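> Contents of upload-v7.txt (compact mmCIF, C-alpha atoms) are below:
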# COMPACT_ATOMS: atom_id res chain seq x y z
CA GLN S 1 -23.55 -3.82 21.12
CA GLN S 2 -23.92 -0.44 22.85
CA GLY S 3 -27.13 0.23 24.71
CA ASP S 4 -30.45 -1.57 24.63
CA PHE S 5 -31.15 -1.71 20.89
CA GLU S 6 -32.84 -4.40 18.85
CA VAL S 7 -30.77 -4.92 15.70
CA VAL S 8 -31.83 -7.03 12.72
CA VAL S 9 -29.43 -7.75 9.84
CA LEU S 10 -30.98 -8.90 6.57
CA GLU S 11 -28.76 -10.60 3.96
CA GLN S 12 -30.12 -11.94 0.68
CA ASP S 13 -27.23 -14.38 0.14
CA ALA S 14 -26.86 -17.79 1.75
CA GLN S 15 -23.66 -16.81 3.57
CA TRP S 16 -22.21 -13.78 5.33
CA GLY S 17 -19.21 -11.82 4.17
CA GLY S 18 -20.03 -10.24 0.83
CA LYS S 19 -16.82 -10.33 -1.18
CA ILE S 20 -14.88 -11.84 1.74
CA GLN S 21 -15.27 -15.52 0.90
CA THR S 22 -13.01 -18.44 1.79
CA THR S 23 -13.34 -22.04 0.67
CA ARG S 24 -11.29 -25.13 1.54
CA PRO S 25 -11.36 -27.44 -1.49
CA LYS S 26 -9.77 -30.86 -1.06
CA VAL S 27 -8.00 -32.75 -3.83
CA GLU S 28 -7.73 -36.48 -3.33
CA GLY S 29 -4.18 -37.58 -2.73
CA LEU S 30 -2.89 -34.00 -2.45
CA GLY S 31 -4.66 -32.36 0.48
CA GLU S 32 -6.63 -29.24 1.33
CA PHE S 33 -6.28 -25.70 -0.03
CA ILE S 34 -7.32 -22.39 1.53
CA VAL S 35 -8.80 -20.26 -1.24
CA ASP S 36 -9.83 -16.64 -0.73
CA GLY S 37 -12.14 -15.32 -3.41
CA GLY S 38 -11.98 -11.68 -2.40
CA PRO S 39 -9.66 -9.87 0.04
CA ASP S 40 -6.90 -12.11 1.36
CA THR S 41 -4.62 -9.57 3.05
CA PHE S 42 -5.34 -6.48 5.12
CA ILE S 43 -3.27 -3.31 5.29
CA THR S 44 -2.47 -2.13 8.82
CA ARG S 45 -1.66 1.47 7.88
CA LYS S 46 -5.42 1.86 8.08
CA PRO S 47 -5.88 0.47 11.61
CA GLU S 48 -9.57 -0.44 11.57
CA VAL S 49 -9.21 -4.15 10.78
CA TRP S 50 -6.18 -4.51 13.07
CA THR S 51 -8.18 -2.94 15.92
CA LEU S 52 -11.32 -4.98 15.24
CA VAL S 53 -9.39 -8.24 15.08
CA HIS S 54 -7.90 -7.64 18.52
CA GLU S 55 -11.28 -6.59 19.94
CA LEU S 56 -12.63 -9.94 18.76
CA GLY S 57 -9.73 -11.83 20.33
CA LEU S 58 -8.39 -12.99 16.97
CA GLY S 59 -4.93 -11.49 17.28
CA ASP S 60 -3.27 -14.90 17.47
CA GLN S 61 -4.88 -15.84 14.15
CA LEU S 62 -3.10 -13.07 12.25
CA VAL S 63 0.15 -13.79 10.45
CA LYS S 64 2.45 -11.51 8.51
CA ASP S 65 2.07 -11.62 4.76
CA THR S 66 5.62 -12.68 3.93
CA SER S 67 5.23 -11.63 0.31
CA GLU S 68 4.79 -7.94 1.14
CA HIS S 69 8.38 -6.94 0.35
CA SER S 70 9.01 -9.60 -2.28
CA GLY S 71 9.19 -9.44 -6.03
CA ILE S 72 6.64 -7.43 -7.93
CA TYR S 73 6.90 -7.86 -11.68
CA ILE S 74 5.36 -5.70 -14.40
CA LEU S 75 4.46 -6.99 -17.84
CA HIS S 76 6.45 -4.91 -20.32
CA ASP S 77 6.23 -5.67 -24.05
CA ALA S 78 4.75 -9.09 -23.19
CA GLN S 79 7.66 -9.93 -20.86
CA PRO S 80 7.48 -10.04 -17.02
CA ILE S 81 10.14 -7.64 -15.73
CA GLN S 82 11.00 -7.42 -12.03
CA LEU S 83 10.38 -4.01 -10.49
CA LYS S 84 13.57 -3.02 -8.70
CA MET S 85 13.58 0.14 -6.61
CA ASP S 86 17.19 0.06 -5.41
CA PRO S 87 19.20 2.79 -7.21
CA LEU S 88 21.20 0.45 -9.46
CA GLY S 89 18.31 -1.86 -10.22
CA PHE S 90 16.02 1.06 -11.07
CA ALA S 91 18.68 2.68 -13.28
CA LEU S 92 19.16 -0.52 -15.28
CA SER S 93 15.48 -1.51 -15.50
CA PRO S 94 14.04 -1.63 -19.03
CA ILE S 95 10.55 -0.78 -17.78
CA MET S 96 11.13 2.96 -18.23
CA SER S 97 13.26 5.05 -20.57
CA ILE S 98 16.09 7.20 -19.24
CA TRP S 99 13.92 10.30 -19.74
CA GLY S 100 11.07 8.71 -17.80
CA LYS S 101 13.42 7.85 -14.95
CA LEU S 102 14.86 11.37 -14.88
CA ARG S 103 11.32 12.79 -14.77
CA MET S 104 10.52 10.56 -11.80
CA LEU S 105 13.68 11.66 -10.00
CA ALA S 106 12.59 15.28 -10.45
CA GLU S 107 9.51 14.62 -8.27
CA PRO S 108 10.89 16.52 -5.23
CA LEU S 109 11.09 19.65 -7.40
CA ILE S 110 7.38 19.60 -8.33
CA PRO S 111 5.30 22.13 -6.33
CA ALA S 112 2.94 20.46 -3.88
CA ARG S 113 -0.81 20.64 -4.15
CA ARG S 114 -2.09 21.16 -0.60
CA ASP S 115 -5.86 21.56 -1.06
CA ASP S 116 -8.46 18.83 -0.51
CA GLY S 117 -9.77 18.76 -4.08
CA ASP S 118 -9.99 15.44 -5.89
CA GLU S 119 -8.31 14.29 -9.10
CA SER S 120 -7.87 11.03 -10.94
CA LEU S 121 -5.04 8.63 -10.18
CA ALA S 122 -3.69 9.42 -13.65
CA GLU S 123 -3.74 13.17 -13.07
CA PHE S 124 -1.93 12.81 -9.76
CA ALA S 125 0.71 10.37 -11.03
CA THR S 126 1.36 12.41 -14.17
CA ARG S 127 1.65 15.64 -12.19
CA ARG S 128 4.05 14.22 -9.62
CA LEU S 129 5.98 11.57 -11.58
CA GLY S 130 5.34 12.03 -15.30
CA ARG S 131 3.19 10.34 -17.92
CA GLU S 132 5.62 7.50 -18.56
CA ALA S 133 5.68 6.59 -14.87
CA LEU S 134 1.89 6.46 -14.93
CA GLU S 135 1.69 4.18 -17.95
CA ARG S 136 4.55 1.83 -17.12
CA LEU S 137 4.73 1.82 -13.32
CA ILE S 138 2.04 3.53 -11.24
CA GLY S 139 -0.89 2.56 -13.47
CA PRO S 140 -0.07 -1.16 -13.58
CA VAL S 141 0.61 -1.39 -9.84
CA LEU S 142 -2.42 0.58 -8.64
CA GLY S 143 -4.62 -0.80 -11.41
CA GLY S 144 -3.67 -4.32 -10.38
CA ILE S 145 -4.27 -3.66 -6.69
CA TYR S 146 -7.56 -1.79 -7.07
CA ASN S 147 -8.91 -3.25 -10.34
CA ALA S 148 -9.27 0.35 -11.49
CA ASP S 149 -8.76 2.50 -14.57
CA PRO S 150 -6.27 5.17 -13.42
CA GLU S 151 -7.58 7.63 -16.01
CA THR S 152 -10.90 7.97 -14.21
CA GLN S 153 -10.45 6.54 -10.69
CA SER S 154 -10.58 9.04 -7.81
CA ILE S 155 -7.34 9.26 -5.86
CA MET S 156 -9.08 10.55 -2.71
CA TYR S 157 -11.32 7.46 -2.69
CA THR S 158 -8.71 4.92 -3.78
CA SER S 159 -5.36 6.01 -2.36
CA SER S 160 -5.72 9.20 -0.35
CA VAL S 161 -2.43 8.43 1.44
CA MET S 162 -0.51 9.72 -1.58
CA ARG S 163 -2.27 13.08 -1.41
CA GLU S 164 -1.72 13.13 2.36
CA MET S 165 2.02 12.62 1.81
CA GLU S 166 2.07 15.45 -0.71
CA ARG S 167 0.14 17.76 1.59
CA GLU S 168 2.19 16.95 4.71
CA TYR S 169 5.68 16.54 3.28
CA GLY S 170 5.52 18.27 -0.10
CA GLY S 171 5.90 15.15 -2.23
CA LEU S 172 6.04 11.36 -2.43
CA PHE S 173 9.78 10.89 -2.02
CA ALA S 174 9.89 13.23 0.99
CA GLY S 175 6.75 11.63 2.38
CA THR S 176 8.17 8.12 2.10
CA ILE S 177 11.35 9.16 3.91
CA GLY S 178 9.39 11.09 6.54
CA ARG S 179 7.09 8.18 7.32
CA MET S 180 10.00 5.74 7.52
CA ARG S 181 11.68 8.03 10.05
CA ALA S 182 8.47 8.34 12.07
CA LYS S 183 8.07 4.56 12.13
CA ARG S 184 11.68 4.13 13.23
CA LYS S 185 11.17 6.59 16.10
CA CYS S 186 8.10 4.68 17.24
CA ARG S 187 10.05 1.43 17.15
CA GLU S 188 12.92 2.97 19.12
CA ALA S 189 10.40 4.21 21.70
CA GLY S 190 9.21 0.64 22.20
CA GLU S 191 5.87 1.05 20.45
CA GLU S 192 4.38 -1.95 18.66
CA ILE S 193 4.67 -1.58 14.89
CA PRO S 194 2.44 -4.10 13.12
CA PRO S 195 3.49 -5.65 9.80
CA SER S 196 2.41 -3.62 6.78
CA PHE S 197 0.11 -6.43 5.63
CA VAL S 198 -1.46 -9.28 7.55
CA THR S 199 -3.55 -12.27 6.64
CA PHE S 200 -5.55 -14.86 8.58
CA LYS S 201 -4.21 -18.36 9.12
CA ASP S 202 -7.38 -19.91 7.74
CA GLY S 203 -8.43 -17.25 5.23
CA GLY S 204 -10.23 -13.93 5.35
CA LYS S 205 -13.58 -15.45 6.31
CA GLN S 206 -12.21 -16.08 9.80
CA LEU S 207 -13.03 -12.43 10.48
CA ILE S 208 -16.60 -12.81 9.24
CA ASP S 209 -17.20 -16.04 11.15
CA GLU S 210 -16.01 -14.48 14.41
CA LEU S 211 -18.17 -11.39 13.91
CA VAL S 212 -21.20 -13.62 13.38
CA GLU S 213 -20.29 -15.75 16.40
CA GLN S 214 -20.00 -12.76 18.74
CA SER S 215 -22.90 -10.72 17.37
CA THR S 216 -25.96 -10.21 19.56
CA ALA S 217 -28.09 -9.08 16.59
CA ASP S 218 -30.88 -11.01 14.90
CA LEU S 219 -29.01 -12.28 11.82
CA ARG S 220 -31.05 -13.54 8.86
CA LEU S 221 -29.61 -15.09 5.72
CA ASN S 222 -31.56 -15.78 2.50
CA THR S 223 -33.69 -12.73 3.21
CA ALA S 224 -33.91 -10.23 0.35
CA VAL S 225 -35.33 -6.77 0.96
CA VAL S 226 -37.81 -5.82 -1.77
CA GLY S 227 -39.02 -2.48 -0.47
CA ILE S 228 -38.48 0.28 2.08
CA GLU S 229 -41.19 2.78 2.98
CA ARG S 230 -41.14 5.71 5.35
CA SER S 231 -43.96 5.93 7.85
CA GLY S 232 -43.79 8.98 10.09
CA ASP S 233 -40.54 8.80 12.03
CA SER S 234 -39.92 5.13 11.25
CA TYR S 235 -39.31 2.86 8.27
CA ARG S 236 -41.13 -0.24 7.06
CA ILE S 237 -38.94 -2.89 5.44
CA VAL S 238 -40.58 -5.59 3.31
CA THR S 239 -38.75 -8.82 2.39
CA ASP S 240 -39.26 -11.31 -0.42
CA ASP S 241 -41.09 -13.78 1.82
CA GLY S 242 -43.66 -11.14 2.77
CA SER S 243 -42.23 -10.38 6.20
CA GLU S 244 -42.30 -6.78 7.42
CA PHE S 245 -40.07 -4.99 9.90
CA GLU S 246 -40.55 -1.59 11.49
CA ALA S 247 -37.30 0.24 12.18
CA THR S 248 -36.31 3.53 13.76
CA ALA S 249 -33.18 3.59 11.58
CA VAL S 250 -31.84 1.75 8.54
CA ILE S 251 -28.29 1.23 7.24
CA LEU S 252 -28.08 0.22 3.58
CA ALA S 253 -24.79 -1.71 3.42
CA THR S 254 -25.20 -2.49 -0.29
CA PRO S 255 -23.59 -1.34 -3.53
CA ALA S 256 -24.84 2.10 -4.54
CA ASN S 257 -26.72 0.75 -7.56
CA VAL S 258 -28.66 -1.57 -5.24
CA ALA S 259 -29.35 1.13 -2.63
CA ALA S 260 -30.77 3.35 -5.38
CA ARG S 261 -33.56 0.84 -6.05
CA PHE S 262 -34.98 1.29 -2.55
CA LEU S 263 -35.10 5.10 -2.52
CA PRO S 264 -37.13 6.53 -5.45
CA ASP S 265 -40.06 7.37 -3.15
CA ILE S 266 -38.13 8.10 0.07
CA ALA S 267 -35.28 10.18 -1.36
CA PRO S 268 -35.62 10.53 -5.16
CA GLU S 269 -32.68 12.90 -5.67
CA ALA S 270 -30.38 10.71 -3.57
CA ALA S 271 -31.52 7.70 -5.61
CA ARG S 272 -30.66 9.53 -8.83
CA LEU S 273 -27.15 10.35 -7.59
CA LEU S 274 -26.61 6.81 -6.33
CA GLU S 275 -27.38 5.51 -9.82
CA THR S 276 -24.59 7.67 -11.26
CA ILE S 277 -21.92 5.81 -9.24
CA ARG S 278 -20.46 3.36 -11.73
CA HIS S 279 -19.93 -0.29 -10.88
CA THR S 280 -17.90 -2.73 -12.90
CA ASN S 281 -16.98 -6.40 -12.86
CA LEU S 282 -14.38 -8.22 -10.82
CA GLY S 283 -13.29 -11.82 -10.67
CA THR S 284 -10.54 -14.00 -9.28
CA MET S 285 -9.51 -17.50 -10.20
CA SER S 286 -7.22 -19.61 -8.04
CA LEU S 287 -5.29 -22.37 -9.78
CA ALA S 288 -2.93 -24.87 -8.13
CA TYR S 289 -0.08 -26.75 -9.77
CA ARG S 290 2.49 -29.32 -8.79
CA ARG S 291 5.74 -27.50 -8.09
CA THR S 292 7.49 -29.75 -10.58
CA ASP S 293 5.11 -28.51 -13.32
CA ILE S 294 5.70 -24.80 -12.81
CA ASP S 295 8.87 -22.83 -13.43
CA LEU S 296 8.54 -19.34 -11.93
CA ASP S 297 11.25 -16.85 -11.12
CA GLU S 298 12.13 -17.57 -7.50
CA GLY S 299 11.31 -14.04 -6.38
CA LEU S 300 8.00 -13.67 -8.23
CA ARG S 301 5.13 -12.81 -5.89
CA GLY S 302 2.95 -10.69 -8.15
CA LEU S 303 2.70 -9.76 -11.83
CA MET S 304 0.91 -6.50 -12.65
CA ILE S 305 -0.39 -6.10 -16.19
CA PRO S 306 -0.75 -2.63 -17.79
CA ARG S 307 -3.91 -2.07 -19.80
CA LYS S 308 -1.86 -1.15 -22.85
CA GLU S 309 -0.61 -4.77 -22.97
CA ASP S 310 -4.17 -5.73 -24.01
CA ARG S 311 -4.44 -8.93 -22.00
CA ALA S 312 -7.59 -10.64 -20.75
CA ILE S 313 -6.35 -10.58 -17.13
CA ASP S 314 -5.28 -7.78 -14.81
CA ALA S 315 -2.79 -9.33 -12.39
CA ILE S 316 -1.40 -12.59 -10.99
CA THR S 317 -0.30 -13.27 -7.42
CA VAL S 318 1.43 -16.31 -5.94
CA THR S 319 -0.88 -16.92 -2.99
CA SER S 320 0.95 -20.01 -1.77
CA ALA S 321 3.91 -17.72 -0.99
CA LYS S 322 1.87 -15.88 1.65
CA ALA S 323 2.18 -16.78 5.30
CA GLY S 324 0.17 -19.76 6.39
CA SER S 325 -0.47 -22.98 4.55
CA ARG S 326 -2.56 -21.90 1.57
CA ALA S 327 -1.51 -24.95 -0.45
CA PRO S 328 -0.26 -28.42 0.54
CA GLU S 329 3.45 -29.19 0.43
CA GLY S 330 4.84 -29.50 -3.08
CA LEU S 331 2.11 -27.39 -4.68
CA VAL S 332 1.99 -23.79 -5.91
CA MET S 333 -1.23 -21.77 -5.99
CA LEU S 334 -1.74 -18.73 -8.21
CA ARG S 335 -4.55 -16.21 -8.08
CA VAL S 336 -5.52 -14.49 -11.32
CA TYR S 337 -7.53 -11.25 -11.33
CA PHE S 338 -9.86 -10.46 -14.23
CA GLY S 339 -12.79 -8.25 -15.21
CA GLY S 340 -11.06 -4.87 -14.97
CA ALA S 341 -9.44 -4.07 -18.32
CA GLN S 342 -11.80 -6.45 -20.14
CA PRO S 343 -15.08 -6.61 -18.16
CA GLU S 344 -16.54 -9.23 -20.49
CA THR S 345 -14.25 -11.90 -19.05
CA ALA S 346 -16.29 -11.86 -15.84
CA THR S 347 -19.40 -12.98 -17.73
CA MET S 348 -17.81 -15.82 -19.73
CA ARG S 349 -19.06 -19.36 -19.34
CA GLU S 350 -16.93 -21.33 -16.91
CA ALA S 351 -15.19 -23.47 -19.54
CA GLU S 352 -14.42 -20.44 -21.71
CA LEU S 353 -13.08 -18.51 -18.72
CA VAL S 354 -10.80 -21.36 -17.65
CA ALA S 355 -9.50 -21.73 -21.21
CA THR S 356 -8.90 -17.98 -21.48
CA ILE S 357 -7.00 -17.74 -18.22
CA ARG S 358 -4.95 -20.84 -18.92
CA GLY S 359 -4.08 -19.34 -22.28
CA GLU S 360 -2.87 -16.17 -20.58
CA LEU S 361 -0.75 -18.17 -18.11
CA ARG S 362 0.72 -20.10 -21.03
CA ASP S 363 1.69 -16.88 -22.82
CA LEU S 364 2.94 -14.94 -19.80
CA LEU S 365 4.49 -17.59 -17.55
CA ASN S 366 5.09 -20.43 -20.01
CA LEU S 367 2.73 -22.49 -17.86
CA ASP S 368 0.97 -25.20 -19.86
CA ALA S 369 0.43 -27.85 -17.18
CA GLU S 370 -3.03 -28.98 -16.10
CA PRO S 371 -4.01 -27.38 -12.77
CA VAL S 372 -4.84 -29.82 -9.99
CA MET S 373 -7.36 -27.37 -8.52
CA CYS S 374 -9.23 -24.46 -10.06
CA GLN S 375 -11.86 -22.23 -8.48
CA ALA S 376 -13.35 -18.94 -9.67
CA PHE S 377 -15.27 -16.15 -7.95
CA ARG S 378 -17.09 -13.39 -9.82
CA TRP S 379 -18.87 -10.16 -8.92
CA VAL S 380 -20.70 -8.72 -11.90
CA GLY S 381 -21.76 -5.08 -11.79
CA SER S 382 -21.05 -4.72 -8.08
CA TYR S 383 -17.46 -3.48 -7.88
CA PRO S 384 -17.34 0.32 -7.44
CA ALA S 385 -15.47 2.39 -10.02
CA ALA S 386 -15.30 5.75 -8.27
CA ASP S 387 -14.57 8.58 -10.67
CA ALA S 388 -12.74 11.75 -9.63
CA GLY S 389 -15.09 13.85 -7.49
CA HIS S 390 -16.67 10.73 -5.99
CA LEU S 391 -16.45 11.77 -2.33
CA GLU S 392 -18.15 15.09 -3.09
CA ARG S 393 -21.00 13.16 -4.72
CA VAL S 394 -21.27 10.86 -1.68
CA ALA S 395 -21.45 13.92 0.59
CA GLN S 396 -24.36 15.21 -1.51
CA ILE S 397 -26.13 11.86 -1.22
CA GLU S 398 -25.70 11.80 2.55
CA GLU S 399 -27.19 15.30 2.81
CA LEU S 400 -30.23 14.22 0.77
CA LEU S 401 -31.04 11.13 2.84
CA PRO S 402 -33.76 11.48 5.50
CA GLU S 403 -32.89 11.19 9.17
CA GLY S 404 -32.29 7.63 10.29
CA LEU S 405 -31.35 6.32 6.84
CA LEU S 406 -27.66 5.83 6.05
CA VAL S 407 -25.51 4.17 3.40
CA SER S 408 -22.29 2.33 4.16
CA GLY S 409 -19.79 0.17 2.30
CA SER S 410 -17.24 0.11 -0.47
CA SER S 411 -19.36 2.16 -2.88
CA TYR S 412 -19.08 5.24 -0.71
CA ARG S 413 -16.05 6.37 1.29
CA GLY S 414 -13.32 3.84 0.60
CA LEU S 415 -12.77 0.56 -1.17
CA GLY S 416 -10.85 -1.65 1.27
CA VAL S 417 -12.02 -3.72 4.21
CA PRO S 418 -10.59 -1.20 6.74
CA ASP S 419 -12.64 1.52 5.00
CA CYS S 420 -15.79 -0.60 5.28
CA VAL S 421 -15.16 -1.27 8.98
CA ARG S 422 -14.66 2.44 9.60
CA GLN S 423 -17.85 3.36 7.75
CA GLY S 424 -19.82 0.70 9.59
CA ARG S 425 -18.69 2.00 12.97
CA GLN S 426 -19.48 5.58 11.97
CA ALA S 427 -22.95 4.64 10.73
CA ALA S 428 -23.73 2.73 13.92
CA GLN S 429 -22.51 5.60 16.10
CA SER S 430 -24.58 8.09 14.10
CA ILE S 431 -27.72 6.03 14.66
CA ILE S 432 -27.01 5.65 18.37
CA GLU S 433 -26.66 9.42 18.68
CA THR S 434 -29.87 10.00 16.70
CA ILE S 435 -31.92 7.56 18.77
CA THR S 436 -30.61 8.72 22.14
CA ALA S 437 -30.72 12.45 21.38
Could you write out this structure as structure tokens?


Amino acid sequence: QQGDFEVVVLEQDAQWGGKIQTTRPKVEGLGEFIVDGGPDTFITRKPEVWTLVHELGLGDQLVKDTSEHSGIYILHDAQPIQLKMDPLGFALSPIMSIWGKLRMLAEPLIPARRDDGDESLAEFATRRLGREALERLIGPVLGGIYNADPETQSIMYTSSVMREMEREYGGLFAGTIGRMRAKRKCREAGEEIPPSFVTFKDGGKQLIDELVEQSTADLRLNTAVVGIERSGDSYRIVTDDGSEFEATAVILATPANVAARFLPDIAPEAARLLETIRHTNLGTMSLAYRRTDIDLDEGLRGLMIPRKEDRAIDAITVTSAKAGSRAPEGLVMLRVYFGGAQPETATMREAELVATIRGELRDLLNLDAEPVMCQAFRWVGSYPAADAGHLERVAQIEELLPEGLLVSGSSYRGLGVPDCVRQGRQAAQSIIETITA
């Protein structure tokens, strides 16, 4: 929107939003549901979405995710156990042994690593909190949130805040206390402190719809790019219908494995490195039940499932407990995550997938009732699995790209929606500076 630029956005799908998808299925006699396939809450610690929402005038459409401080359960020996972090609850919890708990409590005594080097989530958690904490606590929680294998996933890409706390405060316990104090001082000074997590009244796609509504760009759906060529100081983009576009600059906002297909002739070494970024599968299934048919612990908001439990699903959340009316009165809606620990589940036929997930719900939650609504979303081979050292690899790729060609999105410098917003702004600003230099 800055300056006098002609911007064309080409999207091969029939709708905008990528993994941010919201549907509103109606069930006769029961009412309408709001179903998010991908992201359904946004963290405000990373301010990019919070800022963008208010720039778009959508602030009044945000509501606090009321489940943010509620019960997280971890599957332990096939039993859902509530994760309690108060001193007495933690001491009595069967999730960890007494030796594992003592090792966690020794975290403030562990020397801090203060460099910027990367490591896996597993290496970080083991170093700071111990191996048992990784396997029974940190791994299930972060694995459930990020659909990631902690043994390989980069901490600097996935959860750099933990390394920032270690670098700034010397450890996680000290960092948690320090940040709580800083937040309290801001509140006492009259500063606005947003909720930790927010969601949209009508689902995550509200953000996408408003961006499309306010955009001044030439937006084209159902338009697949089949080739990009460099011609002097410009680029020629060819689409599947034979159309051609000449551009001074190009942003590839695609998964890395897709971007690689466009670059063998333009930037062969960058293409080779892009192909080495692994992508895995991800899926969610939302299922709704009559409240009288489901008997959940009152505090249950999420169940995280360690990989060692060998289940076909990765996590379960109670989405109807979030702020806003996700499900009609008298109904409970669950969202099941799959495709992480067992990638093959994301490629099952629909009937087999439904049967598999219902079987898991029967085993884990004693839930055998027929759902009144069921809807699945899948992304096969397009969910980034960033190994340790990922950001260094991305920096190499960026150095190898020719002027005016950039990559942006969740495959590169951060997984969440705030990270994608930040990267998009940075890419746009870089192009503006290049063109106007």

> Figure out the distance between CA of Arg362 in chain S and CA of Met333 in chain S, please, to one decimal in Å.

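Pair CA of Met333 in chain S / CA of Arg362 in chain S returns 15.3 Å.
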
> Could you list, as a ChimeraX atom specification, every residue within 9 Å of range 302-305 of chain S, counting all atoms listed in the file and ignoring same-chain residues fewer than 3 positions away?

/S:67,70-76,80-82,140-145,308-311,313-319

> With only C-alpha atoms as the counted atoms, please give the residues lying no more than 8 Å from range 216-233 of chain S, apart from itself and same-chain residues fewer than 5 positions off, as a compact mmCIF listing (two decimals) with C-alpha atoms, keeping the file's coordinate frame.


# COMPACT_ATOMS: atom_id res chain seq x y z
CA GLN S 1 -23.55 -3.82 21.12
CA GLU S 6 -32.84 -4.40 18.85
CA VAL S 7 -30.77 -4.92 15.70
CA VAL S 8 -31.83 -7.03 12.72
CA VAL S 9 -29.43 -7.75 9.84
CA LEU S 10 -30.98 -8.90 6.57
CA GLU S 11 -28.76 -10.60 3.96
CA GLN S 12 -30.12 -11.94 0.68
CA ASP S 13 -27.23 -14.38 0.14
CA ALA S 14 -26.86 -17.79 1.75
CA GLN S 15 -23.66 -16.81 3.57
CA TRP S 16 -22.21 -13.78 5.33
CA VAL S 238 -40.58 -5.59 3.31
CA THR S 239 -38.75 -8.82 2.39
CA ASP S 240 -39.26 -11.31 -0.42
CA ASP S 241 -41.09 -13.78 1.82
CA THR S 248 -36.31 3.53 13.76
CA PHE S 262 -34.98 1.29 -2.55
CA LEU S 263 -35.10 5.10 -2.52
CA ASP S 265 -40.06 7.37 -3.15
CA ILE S 266 -38.13 8.10 0.07

> Calculate how many Å separate CA of Gly359 in chain S from CA of Ala288 in chain S, rounding to one decimal.

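Between these atoms lies a distance of 15.2 Å.
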
> Could you build a table of the residues in range 190-272 of chain S lying no more than 6 Å from range 407-424 of chain S, giving for each the nearest pair of atoms and their separation in Å rounded to one decimal place, using all atoms listed in the file, ordered by chain and ascending residue number, as JSON lines?


{"residue": "S:Ile251", "atom": "CA", "partner": "S:Val407", "partner_atom": "CA", "distance": 5.6}
{"residue": "S:Leu252", "atom": "CA", "partner": "S:Val407", "partner_atom": "CA", "distance": 4.7}
{"residue": "S:Ala253", "atom": "CA", "partner": "S:Ser408", "partner_atom": "CA", "distance": 4.8}
{"residue": "S:Pro255", "atom": "CA", "partner": "S:Ser411", "partner_atom": "CA", "distance": 5.5}
{"residue": "S:Ala256", "atom": "CA", "partner": "S:Ser411", "partner_atom": "CA", "distance": 5.7}

> Any chance you could export the current selection's C-alpha atoms as a PDB file, in the coordinates of the input?


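Written file, again39.pdb:
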ATOM      1  CA  ILE S 251     -28.290   1.230   7.240  1.00  0.00           C
ATOM      2  CA  LEU S 252     -28.080   0.220   3.580  1.00  0.00           C
ATOM      3  CA  ALA S 253     -24.790  -1.710   3.420  1.00  0.00           C
ATOM      4  CA  PRO S 255     -23.590  -1.340  -3.530  1.00  0.00           C
ATOM      5  CA  ALA S 256     -24.840   2.100  -4.540  1.00  0.00           C
TER       6      ALA S 256
END

> S:Ala174, S:Leu52, S:Cys374, S:Ala259: which is nearest Thr276 in chain S, counting all atoms listed in the file?

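Answer, going by the shortest atom-to-atom distance: S:Ala259.
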
> If you count only C-alpha atoms, which residues fall within 7 Å of range 18-25 of chain S, apart from same-chain ones fewer than 5 positions away, as a PyMOL selection string?

chain S and resi 32-39+203-205

> From the list S:Gly339, S:Arg378, S:Phe197, S:Asp115, which residue is nearest Ile43 in chain S when using all atoms listed in the file?

S:Phe197

> Counting all atoms listed in the file, which residue out of S:Thr176, S:Ser120, S:Thr280, S:Thr434 sits closest to Ser159 in chain S?

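Looking only at the distances to Ser159 in chain S, the closest residue turns out to be S:Ser120.
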
> Go ahead and compute the interatomic distance for CA of Glu107 in chain S and CA of Arg128 in chain S, in Å to one decimal.

5.6 Å

> I'd like the contact shell of Asn147 in chain S - 9 Å cut-off, only C-alpha atoms, skipping same-chain residues fewer than 6 positions apart - returned as number ranges by chain.

S: 282, 314-315, 337-341, 383, 385

> From the set S:Gly100, S:Pro328, S:Pro268, S:Gly242, which residue has the shortest atom-to-atom contact distance to Ile397 in chain S, counting all atoms listed in the file?

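Smallest separation from Ile397 in chain S among the options: S:Pro268.
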
> Ranking S:Ala346, S:Leu406, S:Asp297, S:Lys101 by minimum distance to Gly89 in chain S and counting all atoms listed in the file, which one comes first?

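Looking only at the distances to Gly89 in chain S, the closest residue turns out to be S:Lys101.
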
> Smallest atom-to-atom distance to Arg272 in chain S: which of S:Leu401, S:Met104, S:Leu109, S:Val198, using all atoms listed in the file?

S:Leu401
